[in-house]
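To start, the structure itself, in structure tokens.
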Amino acid sequence: MGLIHEDRLFPADPTTRAIARRLYETVKDLPIVSPHGHTDPRWFAENEPFPDPARLFVIPDHYVTRMLYSQGVRLEELGIATRDGSPTETDPRRIWRRFAENYHLFRGTPSRMWLDHSFATLFGLETRLGADTADLYYDTIADHLARDDYRPRALFERFRIEVIATTESPLDPLTWHGQIRASGWSGRVITAYRPDPVCDPDFAGFHDNVRQLGALTGCDTGTWSGYLEAHRRRRAFFKSFGATSTDHGHPTARTADLSRADAEALHARVMAGAVSAQDAELYRAQCLTEMAGMSLEDGLVMQIHPGSWRNHNPLLFDRFGRDMGADIPSRTDYVGALKPLLDRYGNEPALTVIVFTLDETTYSRELAPLAGHYPALRIGPAWWFFDSPEGMKRYRELVTETAGFYNTVGFNDDTRAFTSIPARHDVSRRVDCGYLAGLVASHRLDEDEAFVVARDLAYDLARKAYKLD
């Protein structure tokens with residue numbers, strides 16, 4: 001049978017499965033639109049071979065390292081660099097063997113499905129990964145990675161990626177994006193504006209970051225008006241490198257609409273030094289509303305994905321830094337939290353605000369009714385913890401009846417692992433085709449309409465929502 005079954009994720013009922021197969025055949029080879037990702041633009045700028053299997057599949061993928069850490073595997077054993085430079089494992093084969101001997105931990109998880117998809121479709125592997133096949137896998141993958149047709153740009157084209165967005169801080173000079181542009185390569189790699197380092201007073205180095213923002217733009221970021229003008233200038237700079245969106249990862253969805261005088265006073269307090277928790281939250285809230293206003297001005301699509309308790313494990317954060325898999329979902333309020341922003345901008349059809357959630361309970365209670373009413377609001381696909389077959393099914397079930405399909409934005413792969421992108425899109429297309437097949441089989445949707453919706457969900461909605469035409 002091999003690693004992946006041709007009917008994976010399709011409904012078990014034969015009639016519904018047959019419909020899902022027909023729908024899937026029309027979307028499985030559509031180009032990939034990847035407008036919300038965290039891949040490294042340097043890969044495509046330098047186009048150097050990926051160095052080894054461990055640094056392709058293990059070290060950069062917090063889905064992998066999180067699971068291994070939960071079962072007692074130290075991050076040092078997986079080659080994760082420490083903040084203080086203390087020793088970690090540097091032998092990629094030993095890292096790979098550690099991963100392989102624990103591969104059983106991923107049974108039933110989305111990671112297992114993505115990895116097996118990559119192993120089978122990219123490297124022709126047919127036996128299951130484990131301690132006894134670790135070296136077979138390592139040698140096979142390493143041999144392929146040494147070939148020119150496995151360099152980043154070649155894989156980009158092989159994956160049929162039409163456009164991919166990376167995510168950069170306002171302080172990033174976008175050097176790699178400039179190098180991609182200068183190379184003349186036709187692959188479309190764009191950036192997205194992620195202002196958290198200068199919008200979140202709790203972000204490490206916030207005050208220095210805001211001063212650096214001023215130096216980059218020639219604006220006096222010590223004042224609120226100068227600070228906002230600095231954002232406008234950096235947003236324009238990012239747009240010149242193809243950006244069509246902004247990305248905001250705040251702890252909550254809270255927004256505010258302060259008077260200019262109150263905002264100036266808040267900014268002065270925040271920049272003065274120690275920041276209270278109340279002022280930090282109010283500052284982030286005001287920044288979200290200001291960013292929505294700027295999006296109405298410059299056309300950048302606004303993405304908000306709150307509700308993650310970042311760096312929940314202080315030991316890991318202190319030793320390894322951010323994004324080490326200890327970001328835990330928390331309960332999120334959208335109805336009250338977004339109201340100041342929606343009161344001001346929610347009725348603007350020219351504005352697109354895409355809201356994601358890690359709090360699944362809000363899909364039907366809050367997000368679907370909000371997006372089903374406000375012209376400016378759209379629901380992002382199942383993000384991160386729900387970037388999974390069961391999460392995707394629940395997402396469709398919880399939002400479609402109220403918001404329909406066209407107040408959602410297709411599928412985004414929120415990934416740092418480049419080779420998982422085709423697998424994630426394939427999972428999404430299979431799940432959506434299965435869901436649509438159920439509507440057809442139960443006579444809630446005609447099959448000719450299902451073919452149209454399948455394409456919309458796989459391709460057209462993302463292009464439209466993120467203004468990628």
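Chain identifiers are assigned as A, B, and so on, following the order in which chains appear in the structure tokens; residues are numbered from 1 within each chain, and ligands are numbered from 1 in order of appearance.
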(request) Determine which residues of stretch 15-85 of chain A DSSP labels as alpha helix (DSSP H) from the backbone of this structure, then write them out as a ChimeraX atom specification. (result) /A:15-27,41-46,53-57,62-70
(message) Which residues are close to A:Phe237, i.e. within 10 Å by only C-alpha atoms, leaving aside same-chain residues fewer than 4 positions away? Reply as a ChimeraX atom specification.
(response) /A:170,173-174,193,217,231-233,241-243
(message) Nearest residue to A:Glu76 out of A:Arg319, A:Leu216, A:Ser225, A:Ile164, using only C-alpha atoms?
(response)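 Residue with the minimum atom-to-atom distance to A:Glu76: A:Arg319.
Nearest residue to A:Leu155, choosing from A:Gly226, A:Gly434, A:Pro41, A:Pro49 and counting only C-alpha atoms: A:Pro49.
In terms of minimum interatomic distance to A:Val58, A:Leu115 ranks closest within A:Val27, A:Leu115, A:Ala277, A:Leu288, counting only C-alpha atoms.
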Could you pull the residues within 9 Å of A:Pro152, counting only C-alpha atoms, minus those fewer than 5 positions along the same chain, as a PDB file with C-alpha atoms, in the first residue's frame?
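Saved the output as around.pdb:
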```pdb
ATOM      1  CA  TRP A  43      16.195  29.958   0.591  1.00  0.00           C
ATOM      2  CA  PHE A  44      14.867  31.398  -2.644  1.00  0.00           C
ATOM      3  CA  GLU A  46      20.496  32.094  -2.569  1.00  0.00           C
ATOM      4  CA  ASN A  47      18.943  28.900  -3.986  1.00  0.00           C
ATOM      5  CA  GLU A  48      21.496  26.759  -2.203  1.00  0.00           C
ATOM      6  CA  PRO A  49      20.768  23.063  -1.623  1.00  0.00           C
ATOM      7  CA  PHE A  50      19.013  22.220   1.620  1.00  0.00           C
ATOM      8  CA  GLU A 157       8.189  25.254  -9.274  1.00  0.00           C
ATOM      9  CA  PHE A 418       8.808  24.188   3.127  1.00  0.00           C
TER      10      PHE A 418
END
```
(request) Go through A:Arg74, A:Arg151, A:Arg107, A:His144 and flag the residue nearest A:Gly130, using only C-alpha atoms for the distances. (result)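 Closest residue, counting only C-alpha atoms: A:Arg107.
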(request) Work out how far atom CA of A:Arg322 is from atom CA of A:Glu77, in Å to one decimal. (result)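 It comes out at 18.1 Å.
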(request) State, in Å with one decimal place, the distance from atom CA of A:Pro92 to atom CA of A:Gly79. (result)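 We find that atom CA of A:Pro92 and atom CA of A:Gly79 lie 7.9 Å from each other.
Pairwise distance (atom CA of A:Ser388, atom CA of A:Arg94) equals 29.3 Å.
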